[in-house]
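Student: upload12.tsv is reproduced in full below (TSV, C-alpha atoms).
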```
chain	number	residue	atom	x	y	z
A	1	MET	CA	106.73	122.03	112.30
A	2	LEU	CA	104.74	120.59	109.35
A	3	LYS	CA	102.98	122.95	107.02
A	4	THR	CA	101.29	122.68	103.64
A	5	GLU	CA	101.06	125.77	101.51
A	6	ASN	CA	98.49	125.97	98.73
A	7	LEU	CA	99.01	122.26	98.17
A	8	SER	CA	97.26	120.36	95.37
A	9	VAL	CA	97.47	116.58	95.37
A	10	GLY	CA	96.50	113.92	92.86
A	11	TYR	CA	97.54	111.17	90.47
A	12	GLY	CA	98.78	111.65	86.90
A	13	ASN	CA	96.80	114.55	85.45
A	14	TYR	CA	93.96	114.17	87.94
A	15	VAL	CA	93.87	116.60	90.87
A	16	VAL	CA	92.09	115.03	93.88
A	17	VAL	CA	92.27	117.87	96.42
A	18	GLU	CA	93.50	121.41	95.88
A	19	GLY	CA	94.29	124.53	97.86
A	20	ILE	CA	95.28	122.71	101.05
A	21	ASN	CA	96.70	124.96	103.78
A	22	LEU	CA	97.29	123.03	106.99
A	23	GLU	CA	99.71	123.48	109.84
A	24	ILE	CA	100.63	121.26	112.76
A	25	ASN	CA	103.05	121.75	115.63
A	26	ARG	CA	104.74	119.33	118.03
A	27	GLY	CA	102.41	117.77	120.58
A	28	GLU	CA	99.37	118.29	118.35
A	29	ILE	CA	97.12	115.82	116.57
A	30	LEU	CA	95.60	116.76	113.23
A	31	CYS	CA	92.70	114.50	112.19
A	32	ILE	CA	91.70	114.45	108.56
A	33	ILE	CA	88.18	113.19	107.95
A	34	GLY	CA	85.95	112.92	104.92
A	35	PRO	CA	83.92	110.44	102.89
A	36	ASN	CA	85.57	107.55	101.04
A	37	GLY	CA	87.44	108.66	97.95
A	38	ALA	CA	87.65	112.29	99.09
A	39	GLY	CA	91.43	112.27	98.86
A	40	LYS	CA	92.53	111.84	102.49
A	41	SER	CA	94.97	109.06	101.67
A	42	THR	CA	96.26	110.90	98.60
A	43	LEU	CA	97.02	113.88	100.82
A	44	LEU	CA	98.87	111.70	103.33
A	45	LYS	CA	100.79	109.95	100.56
A	46	THR	CA	101.89	113.34	99.25
A	47	ILE	CA	103.01	114.46	102.72
A	48	ALA	CA	104.83	111.12	103.12
A	49	THR	CA	106.60	111.91	99.77
A	50	TYR	CA	105.20	108.82	97.98
A	51	LEU	CA	103.55	111.24	95.56
A	52	LYS	CA	104.80	114.54	94.22
A	53	PRO	CA	102.51	117.53	94.76
A	54	LYS	CA	100.63	118.84	91.74
A	55	LYS	CA	101.04	122.36	93.06
A	56	GLY	CA	102.21	124.01	96.27
A	57	VAL	CA	104.72	122.91	98.89
A	58	VAL	CA	104.94	120.84	102.06
A	59	TYR	CA	107.39	122.25	104.62
A	60	LEU	CA	108.98	120.33	107.46
A	61	ASN	CA	110.82	122.64	109.85
A	62	GLY	CA	110.95	125.25	107.11
A	63	LYS	CA	112.52	122.89	104.55
A	64	LYS	CA	110.74	121.54	101.49
A	65	ILE	CA	109.89	117.96	102.38
A	66	HIS	CA	110.20	116.65	98.82
A	67	ASP	CA	113.80	117.94	98.60
A	68	LEU	CA	115.00	116.11	101.72
A	69	LYS	CA	117.14	112.98	101.40
A	70	PRO	CA	115.18	109.78	102.25
A	71	LYS	CA	117.42	108.99	105.25
A	72	ASP	CA	117.19	112.52	106.66
A	73	LEU	CA	113.42	112.50	106.23
A	74	ALA	CA	113.14	109.08	107.91
A	75	LYS	CA	114.74	110.53	111.04
A	76	GLU	CA	112.12	113.29	111.15
A	77	MET	CA	108.96	111.56	109.98
A	78	ALA	CA	107.51	108.04	110.25
A	79	VAL	CA	104.54	106.57	108.42
A	80	VAL	CA	101.99	103.86	109.29
A	81	LEU	CA	99.72	102.82	106.42
A	82	THR	CA	96.37	101.01	106.19
A	83	GLU	CA	97.55	98.21	103.96
A	84	ARG	CA	98.32	94.84	105.54
A	85	VAL	CA	101.94	93.79	105.39
A	86	ASN	CA	103.40	90.31	105.20
A	87	PRO	CA	107.10	90.42	105.98
A	88	GLY	CA	107.46	86.63	106.08
A	89	ASN	CA	109.00	84.82	108.99
A	90	MET	CA	109.90	87.69	111.32
A	91	THR	CA	109.36	88.35	115.01
A	92	GLY	CA	107.91	91.55	116.44
A	93	PHE	CA	111.44	92.57	117.40
A	94	ASP	CA	112.70	92.14	113.81
A	95	VAL	CA	109.87	94.28	112.44
A	96	VAL	CA	110.38	97.05	115.01
A	97	ALA	CA	114.14	96.86	114.27
A	98	ILE	CA	113.41	97.89	110.66
A	99	GLY	CA	112.58	101.31	112.10
A	100	ARG	CA	116.25	101.67	113.09
A	101	HIS	CA	117.29	101.51	109.42
A	102	PRO	CA	118.18	105.22	109.13
A	103	TYR	CA	120.63	104.85	112.04
A	104	THR	CA	122.31	101.51	111.24
A	105	ASP	CA	125.11	100.49	108.84
A	106	LEU	CA	124.88	98.64	105.52
A	107	PHE	CA	124.37	95.27	107.24
A	108	GLY	CA	121.73	96.62	109.61
A	109	ARG	CA	123.78	95.75	112.71
A	110	LEU	CA	122.07	96.91	115.90
A	111	THR	CA	124.01	98.55	118.71
A	112	GLU	CA	123.01	98.30	122.37
A	113	ARG	CA	121.39	101.73	122.04
A	114	ASP	CA	119.35	100.55	119.04
A	115	LYS	CA	118.13	97.52	120.98
A	116	LYS	CA	117.18	99.71	123.93
A	117	ILE	CA	115.20	102.05	121.66
A	118	ILE	CA	113.42	99.07	120.04
A	119	ILE	CA	112.32	97.78	123.45
A	120	GLU	CA	111.30	101.27	124.60
A	121	SER	CA	109.26	101.79	121.41
A	122	ALA	CA	107.43	98.50	122.01
A	123	ARG	CA	106.86	99.47	125.64
A	124	ALA	CA	105.38	102.82	124.58
A	125	VAL	CA	102.64	101.00	122.66
A	126	ASN	CA	102.19	98.27	125.31
A	127	ALA	CA	103.59	95.66	122.93
A	128	GLU	CA	106.64	94.45	124.79
A	129	TYR	CA	105.12	90.98	125.04
A	130	LEU	CA	104.91	90.82	121.23
A	131	LEU	CA	108.63	91.22	120.60
A	132	GLU	CA	109.29	87.46	120.63
A	133	LYS	CA	106.08	86.54	118.80
A	134	ASN	CA	106.05	85.82	115.07
A	135	PHE	CA	104.47	88.61	113.04
A	136	PHE	CA	102.30	86.23	110.99
A	137	GLU	CA	100.81	84.80	114.19
A	138	MET	CA	99.65	88.20	115.45
A	139	SER	CA	96.10	89.58	115.33
A	140	ASP	CA	95.33	92.77	113.39
A	141	GLY	CA	95.44	94.85	116.57
A	142	GLU	CA	98.80	93.41	117.58
A	143	ARG	CA	100.23	93.97	114.12
A	144	GLN	CA	99.10	97.59	114.18
A	145	LYS	CA	100.80	98.09	117.54
A	146	ILE	CA	104.04	96.62	116.20
A	147	MET	CA	103.86	98.83	113.09
A	148	ILE	CA	103.44	101.89	115.32
A	149	ALA	CA	106.34	100.71	117.50
A	150	ARG	CA	108.39	100.39	114.30
A	151	ALA	CA	107.50	103.97	113.43
A	152	LEU	CA	108.51	105.14	116.94
A	153	ALA	CA	111.84	103.32	116.63
A	154	GLN	CA	112.68	105.83	113.91
A	155	GLU	CA	112.64	108.48	116.67
A	156	PRO	CA	110.49	110.75	114.51
A	157	LYS	CA	109.10	114.15	115.32
A	158	VAL	CA	106.14	113.71	112.98
A	159	LEU	CA	103.98	110.60	112.78
A	160	ILE	CA	101.66	110.01	109.81
A	161	LEU	CA	98.93	107.38	110.12
A	162	ASP	CA	96.49	106.41	107.40
A	163	GLU	CA	93.31	104.97	108.91
A	164	PRO	CA	95.07	103.06	111.67
A	165	THR	CA	91.82	101.77	113.19
A	166	SER	CA	90.43	100.22	109.98
A	167	PHE	CA	90.72	96.53	110.89
A	168	LEU	CA	90.32	96.88	114.64
A	169	ASP	CA	87.50	96.01	117.02
A	170	ALA	CA	86.04	98.57	119.47
A	171	LYS	CA	88.49	97.77	122.29
A	172	HIS	CA	91.58	98.07	120.12
A	173	LYS	CA	90.18	101.18	118.40
A	174	ILE	CA	89.83	102.96	121.73
A	175	GLU	CA	93.22	101.70	122.92
A	176	LEU	CA	94.93	102.91	119.77
A	177	THR	CA	93.21	106.27	119.79
A	178	LEU	CA	94.21	106.87	123.41
A	179	LEU	CA	97.72	105.74	122.54
A	180	LEU	CA	97.98	108.44	119.85
A	181	ARG	CA	96.97	111.09	122.41
A	182	LYS	CA	99.58	109.71	124.83
A	183	LEU	CA	102.31	109.80	122.17
A	184	ALA	CA	101.47	113.38	121.24
A	185	ASP	CA	101.58	114.45	124.91
A	186	GLU	CA	104.48	112.40	126.25
A	187	LYS	CA	106.78	112.12	123.25
A	188	ASN	CA	105.80	115.54	121.96
A	189	LEU	CA	105.04	114.17	118.49
A	190	ALA	CA	103.13	115.97	115.78
A	191	ILE	CA	100.59	113.42	114.53
A	192	VAL	CA	98.63	113.57	111.28
A	193	VAL	CA	95.97	110.88	111.11
A	194	THR	CA	93.01	110.00	108.93
A	195	LEU	CA	90.15	108.42	110.85
A	196	HIS	CA	86.74	107.13	109.86
A	197	ASP	CA	85.48	107.21	113.41
A	198	ILE	CA	84.58	110.87	113.99
A	199	GLU	CA	83.46	110.12	117.52
A	200	LEU	CA	86.99	109.07	118.46
A	201	ALA	CA	88.57	111.74	116.28
A	202	LEU	CA	86.71	114.43	118.19
A	203	ARG	CA	88.06	113.19	121.48
A	204	ILE	CA	91.75	113.21	120.57
A	205	ALA	CA	92.18	115.83	117.84
A	206	ASP	CA	93.66	119.26	118.44
A	207	LYS	CA	92.82	120.26	114.89
A	208	MET	CA	90.54	118.81	112.28
A	209	ALA	CA	90.43	119.10	108.52
A	210	LEU	CA	87.28	118.07	106.65
A	211	ILE	CA	87.78	117.13	103.01
A	212	LYS	CA	85.07	116.95	100.38
A	213	ASN	CA	84.57	117.84	96.71
A	214	HIS	CA	88.27	118.37	95.97
A	215	LYS	CA	88.80	120.85	98.77
A	216	VAL	CA	89.15	121.32	102.51
A	217	ILE	CA	85.66	122.49	103.48
A	218	ALA	CA	86.56	123.20	107.11
A	219	TYR	CA	89.76	123.35	109.11
A	220	GLY	CA	90.45	124.35	112.70
A	221	TYR	CA	89.70	123.36	116.29
A	222	PRO	CA	87.21	120.47	116.46
A	223	GLU	CA	84.94	122.50	118.74
A	224	ASN	CA	84.62	125.14	115.99
A	225	VAL	CA	84.63	122.86	112.98
A	226	MET	CA	82.33	120.01	113.95
A	227	LYS	CA	78.98	121.78	113.55
A	228	ARG	CA	75.78	120.03	112.56
A	229	GLU	CA	75.46	121.71	109.14
A	230	ILE	CA	79.11	121.15	108.22
A	231	VAL	CA	79.20	117.46	109.18
A	232	ASN	CA	75.82	116.76	107.57
A	233	GLU	CA	77.11	118.36	104.39
A	234	LEU	CA	80.40	116.46	104.62
A	235	TYR	CA	78.66	113.09	104.51
A	236	ASP	CA	75.58	114.21	102.50
A	237	LEU	CA	73.34	113.04	105.34
A	238	LYS	CA	69.61	112.73	104.66
A	239	ASN	CA	68.51	110.07	107.15
A	240	ALA	CA	70.65	111.14	110.07
A	241	ASN	CA	71.74	114.23	111.89
A	242	TYR	CA	75.07	114.99	113.46
A	243	SER	CA	74.61	115.81	117.14
A	244	GLU	CA	77.17	118.19	118.65
A	245	VAL	CA	76.15	117.04	122.13
A	246	ILE	CA	77.05	113.38	121.70
A	247	GLY	CA	79.62	114.01	118.95
A	248	TYR	CA	77.99	111.42	116.71
A	249	PHE	CA	75.00	110.78	114.47
A	250	GLU	CA	71.38	110.39	115.48
A	251	LEU	CA	69.33	108.46	112.93
A	252	LYS	CA	66.02	109.73	111.59
A	253	ASN	CA	63.14	107.31	111.32
A	254	ASN	CA	59.77	107.93	109.66
A	255	PRO	CA	57.16	107.73	112.43
A	256	ILE	CA	54.00	105.62	112.14
A	257	LYS	CA	50.98	107.91	112.55
A	258	ASN	CA	49.01	106.06	115.24
A	259	LYS	CA	51.95	105.81	117.66
A	260	LYS	CA	52.22	109.30	119.15
A	261	ILE	CA	54.01	109.87	122.41
A	262	PHE	CA	54.99	112.83	124.55
A	263	VAL	CA	58.18	112.59	126.60
A	264	ILE	CA	58.94	114.81	129.55
A	265	CYS	CA	62.66	115.07	129.99
A	266	GLY	CA	65.62	117.45	130.02
A	267	GLY	CA	69.35	117.72	130.51
A	268	GLY	CA	70.06	114.47	128.67
A	269	THR	CA	67.81	112.33	130.91
A	270	GLY	CA	65.61	111.21	128.03
A	271	ALA	CA	68.38	110.21	125.61
A	272	ASN	CA	67.95	106.44	125.97
A	273	VAL	CA	64.15	106.59	125.94
A	274	LEU	CA	64.09	108.87	122.90
A	275	ARG	CA	66.50	106.64	121.02
A	276	TYR	CA	64.32	103.61	121.77
A	277	LEU	CA	61.12	105.39	120.69
A	278	VAL	CA	62.57	106.76	117.44
A	279	LYS	CA	64.01	103.36	116.61
A	280	ASN	CA	60.55	101.83	117.04
A	281	ARG	CA	58.99	104.54	114.84
A	282	TYR	CA	56.97	106.42	117.43
A	283	ASP	CA	55.97	109.99	116.62
A	284	VAL	CA	57.75	111.69	119.49
A	285	VAL	CA	57.17	115.13	120.95
A	286	VAL	CA	59.44	116.34	123.73
A	287	GLY	CA	58.83	118.98	126.35
A	288	HIS	CA	58.99	119.73	130.02
A	289	LEU	CA	56.44	120.77	132.61
A	290	ALA	CA	56.55	124.40	133.62
B	1	MET	CA	116.36	94.53	101.89
B	2	ASP	CA	114.69	93.71	105.22
B	3	ALA	CA	112.79	97.00	105.08
B	4	ASN	CA	111.63	96.05	101.59
B	5	LEU	CA	109.87	92.99	103.09
B	6	LEU	CA	107.27	95.39	104.50
B	7	GLY	CA	106.62	96.74	101.01
B	8	GLU	CA	108.00	99.52	98.90
B	9	LYS	CA	106.21	102.33	100.73
B	10	TYR	CA	107.48	101.33	104.15
B	11	ALA	CA	110.97	100.92	102.70
B	12	ILE	CA	110.83	104.51	101.45
B	13	SER	CA	109.54	105.74	104.82
B	14	VAL	CA	112.54	104.26	106.69
B	15	GLY	CA	114.92	105.98	104.30
B	16	VAL	CA	115.65	103.33	101.66
B	17	ASP	CA	116.47	104.76	98.24
B	18	ILE	CA	114.24	102.22	96.55
B	19	LYS	CA	115.19	103.06	92.94
B	20	SER	CA	118.87	102.69	93.61
B	21	LEU	CA	118.35	99.48	95.67
B	22	ARG	CA	116.32	97.95	92.85
B	23	MET	CA	118.91	98.96	90.23
B	24	TRP	CA	121.83	97.48	92.22
B	25	LEU	CA	119.95	94.26	92.93
B	26	ILE	CA	119.18	93.80	89.22
B	27	ILE	CA	122.79	94.56	88.21
B	28	LEU	CA	124.15	92.17	90.88
B	29	SER	CA	121.72	89.38	89.88
B	30	CYS	CA	122.62	89.84	86.19
B	31	VAL	CA	126.37	89.71	86.84
B	32	LEU	CA	126.13	86.67	89.14
B	33	THR	CA	123.76	84.77	86.83
B	34	ALA	CA	125.80	85.58	83.72
B	35	THR	CA	129.03	84.42	85.39
B	36	VAL	CA	127.55	81.17	86.65
B	37	VAL	CA	125.82	80.35	83.37
B	38	ALA	CA	129.00	81.15	81.40
B	39	PHE	CA	130.91	78.54	83.40
B	40	THR	CA	128.33	75.81	83.93
B	41	GLY	CA	125.70	76.16	81.21
B	42	PRO	CA	122.00	76.32	82.04
B	43	ILE	CA	121.04	75.44	85.61
B	44	ALA	CA	117.57	75.57	87.17
B	45	PHE	CA	115.69	75.36	90.47
B	46	VAL	CA	118.70	76.43	92.57
B	47	GLY	CA	117.52	80.04	92.78
B	48	ILE	CA	113.95	79.12	93.64
B	49	THR	CA	114.57	76.28	96.10
B	50	CYS	CA	117.60	77.38	98.11
B	51	PRO	CA	116.39	80.78	99.42
B	52	ILE	CA	113.07	79.31	100.59
B	53	LEU	CA	114.83	76.36	102.18
B	54	ALA	CA	117.31	78.75	103.83
B	55	ARG	CA	114.45	80.83	105.23
B	56	MET	CA	112.93	77.70	106.77
B	57	ILE	CA	116.25	76.51	108.20
B	58	CYS	CA	117.08	79.94	109.65
B	59	GLY	CA	113.56	80.39	111.06
B	60	THR	CA	113.60	84.01	109.96
B	61	SER	CA	113.39	86.12	106.79
B	62	LYS	CA	116.22	88.42	107.88
B	63	HIS	CA	118.61	88.66	104.98
B	64	ILE	CA	121.72	88.83	107.13
B	65	TYR	CA	121.13	85.14	107.99
B	66	VAL	CA	119.25	84.02	104.88
B	67	ILE	CA	121.83	85.13	102.27
B	68	PRO	CA	124.88	83.22	103.64
B	69	VAL	CA	122.80	80.08	104.26
B	70	THR	CA	121.36	80.34	100.73
B	71	MET	CA	124.87	80.55	99.28
B	72	LEU	CA	125.95	77.47	101.23
B	73	LEU	CA	122.84	75.50	100.29
B	74	GLY	CA	123.21	76.51	96.63
B	75	ALA	CA	126.78	75.24	96.55
B	76	VAL	CA	125.86	71.95	98.27
B	77	PHE	CA	122.82	71.44	96.05
B	78	LEU	CA	124.84	71.99	92.88
B	79	VAL	CA	127.73	69.76	93.95
B	80	VAL	CA	125.31	66.94	94.82
B	81	ALA	CA	123.59	67.37	91.44
B	82	ASP	CA	126.97	67.38	89.68
B	83	ILE	CA	128.01	64.13	91.39
B	84	LEU	CA	124.76	62.53	90.23
B	85	THR	CA	125.53	63.42	86.59
B	86	ARG	CA	128.85	61.57	86.63
B	87	PRO	CA	129.02	58.31	84.66
B	88	GLY	CA	128.18	55.27	86.74
B	89	VAL	CA	126.37	57.11	89.52
B	90	LEU	CA	122.79	57.23	88.24
B	91	ILE	CA	123.13	55.40	84.94
B	92	SER	CA	125.82	52.95	83.94
B	93	SER	CA	126.83	54.68	80.74
B	94	THR	CA	130.03	56.44	79.83
B	95	ASN	CA	128.17	59.62	78.94
B	96	VAL	CA	127.80	62.48	81.39
B	97	LEU	CA	124.16	63.38	82.14
B	98	PRO	CA	123.09	66.99	81.56
B	99	LEU	CA	123.18	68.92	84.87
B	100	LEU	CA	119.55	69.96	84.38
B	101	CYS	CA	118.35	66.37	84.85
B	102	PRO	CA	119.18	65.86	88.55
B	103	LEU	CA	118.48	69.54	89.30
B	104	SER	CA	114.95	69.28	87.93
B	105	ILE	CA	114.28	65.85	89.45
B	106	ILE	CA	115.32	66.98	92.93
B	107	GLY	CA	114.51	70.70	92.68
B	108	ALA	CA	111.01	70.67	91.21
B	109	PRO	CA	109.33	68.51	93.89
B	110	ILE	CA	111.15	70.40	96.68
B	111	ALA	CA	110.05	73.72	95.19
B	112	ILE	CA	106.42	72.56	94.95
B	113	ILE	CA	106.35	71.11	98.49
B	114	ILE	CA	107.96	74.21	100.00
B	115	TYR	CA	105.64	76.53	98.09
B	116	LEU	CA	102.56	74.69	99.36
B	117	LYS	CA	103.91	74.63	102.92
B	118	ILE	CA	104.70	78.34	102.86
B	119	ARG	CA	101.23	79.17	101.53
B	120	LYS	CA	99.71	77.13	104.33
B	121	MET	CA	101.77	79.05	106.90
B	122	GLY	CA	100.71	82.33	105.32
B	123	ILE	CA	104.26	83.63	105.00
```
Please lay out the structure from this file as structure tokens.
Tutor:
Amino acid sequence: MLKTENLSVGYGNYVVVEGINLEINRGEILCIIGPNGAGKSTLLKTIATYLKPKKGVVYLNGKKIHDLKPKDLAKEMAVVLTERVNPGNMTGFDVVAIGRHPYTDLFGRLTERDKKIIIESARAVNAEYLLEKNFFEMSDGERQKIMIARALAQEPKVLILDEPTSFLDAKHKIELTLLLRKLADEKNLAIVVTLHDIELALRIADKMALIKNHKVIAYGYPENVMKREIVNELYDLKNANYSEVIGYFELKNNPIKNKKIFVICGGGTGANVLRYLVKNRYDVVVGHLA
Amino acid sequence: MDANLLGEKYAISVGVDIKSLRMWLIILSCVLTATVVAFTGPIAFVGITCPILARMICGTSKHIYVIPVTMLLGAVFLVVADILTRPGVLISSTNVLPLLCPLSIIGAPIAIIIYLKIRKMGI
């Protein structure tokens, strides 16, 4: 479906990431993670054809993506970016309708089919109630839903999202992440997404690519890629450790010498107690009774 | 043009050939401005006031509604300003006032008020 071959991306004469070989098929989610400034967005911008590759090729269905006509590409691939948009005085419906641009005439007239697709796209992201609401009156979460509905109205086969959870609270983050999984499964979309939240990324991704120091340091199934050493190296962690069990970080804390404690636990039963003790700087030793 | 309201990148992603759109808009604006100025001399505040006013009247930024209303408002605005320049209407002299006078007197405050209102609405 979408494939990058020995791709190098960057701006001007500066190469940000090189030697990228990724592949994604329909119904799969590829999560790209890495520290700030690693080049995740640059990679997405290159795949979205906003930037030309420094080296290598991006293929979409076997065709070079940068050679496709904008309208043809828009029918195959849709993009949702991090940056906030301000389209002026427009309703949710008007914004989603922009997604029908590749299918409408010069004046942007919508047919009955177009209107049906717009409503269906909004329904797919649980945003039908937002269609009549003004875009500038919406919250960040609502805006993000409408922007995804707009992308779906393009009837794409590939969806590119650049940090879609950036401005969202926990509830909307979870809702959006689950929505991406639903879209990949039900609409059979190939989704490429950059996420900061590795905990959520782990739970929805079929493949993960970790980017650091101008290259992809690990790529593959999350279960194989997300190892303690790799993730610690990815974020240069000194005061925390990535835990494969919980799929997130456990923080280190320097213990105070006179507060020693022995905890008898096992099978995850001591997790809360241990977290409390480490947070309060106890010197903890763990074991179980034979 | 509606797609362009979301920004250049989104316009590209829905299939707009942004370079060609920009080129045609510049050519069209140049031709229209040159024609109008050749016939009437310098005019001001029509281009800044009328589209914003049209957007408020239409209650939307969709160009399919905004452009025709802007054209109508522009024509009305200019005709009213032209009537005001005629001798005996504003001043009782036999000389015709320059068109810029009523345009600036009416247009500038409207432009400022609308700008402040729009900023307050965040659109």
Student: If we count only C-alpha atoms and set the cut-off at 12 Å, which residues sit around B:Ile67, ignoring sequence neighbours fewer than 3 positions away in its own chain? Please answer as a list in words.
Tutor: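 With the cut-off at 12 Å, the set is Phe107 of chain A; Met1, Asp2, Gly47, Cys50, Pro51, Ile52, Leu53, Ala54, Arg55, Ile57, Cys58, Thr60, Ser61, Lys62, His63, Ile64, Thr70, Met71, Leu72, Leu73 and Gly74 of chain B.
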Student: By how many Å are atom CA of A:Tyr221 and atom CA of A:Met147 apart?
Tutor: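 Between atom CA of A:Tyr221 and atom CA of A:Met147 the gap is 28.5 Å.
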Student: Hey, can you check how far atom CA of A:Lys259 sits from atom CA of A:Asp283?
Tutor: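 Separation of atom CA of A:Lys259 and atom CA of A:Asp283: 5.9 Å.
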Student: Show which residues sit within 9 Å of A:Asn6, as a list of chain:residue names. Count only C-alpha atoms, and ignore same-chain residues fewer than 3 positions away.
Tutor: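 In the requested format, the answer is A:Glu18, A:Gly19, A:Ile20, A:Asn21, A:Leu22, A:Lys55, A:Gly56, A:Val57, A:Val58.
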Student: Please determine the contact residues of chain A with respect to chain B at a cut-off of 9 Å, counting all atoms listed in the file, and supply them as a ChimeraX atom specification.
Tutor: /A:48-50,69-75,77-81,85-91,94-95,98-102,107-108,136,151,154
Student: Mind pulling up the distance from atom CA of B:Thr85 to atom CA of B:Phe39?
Tutor: 16.4 Å
Student: Pick the closest to A:Lys54 from A:Ser41, A:His214, A:Tyr14, A:Glu83: which is it, counting only C-alpha atoms?
Tutor: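 With only C-alpha atoms as the atom set, the closest residue is A:Tyr14.
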Student: Counting all atoms listed in the file, write as a ChimeraX atom specification all protein and nucleic acid residues lying at most 9 Å from (96.9, 101.5, 106.3) in the file's frame.
Tutor: /A:80-84,161-166
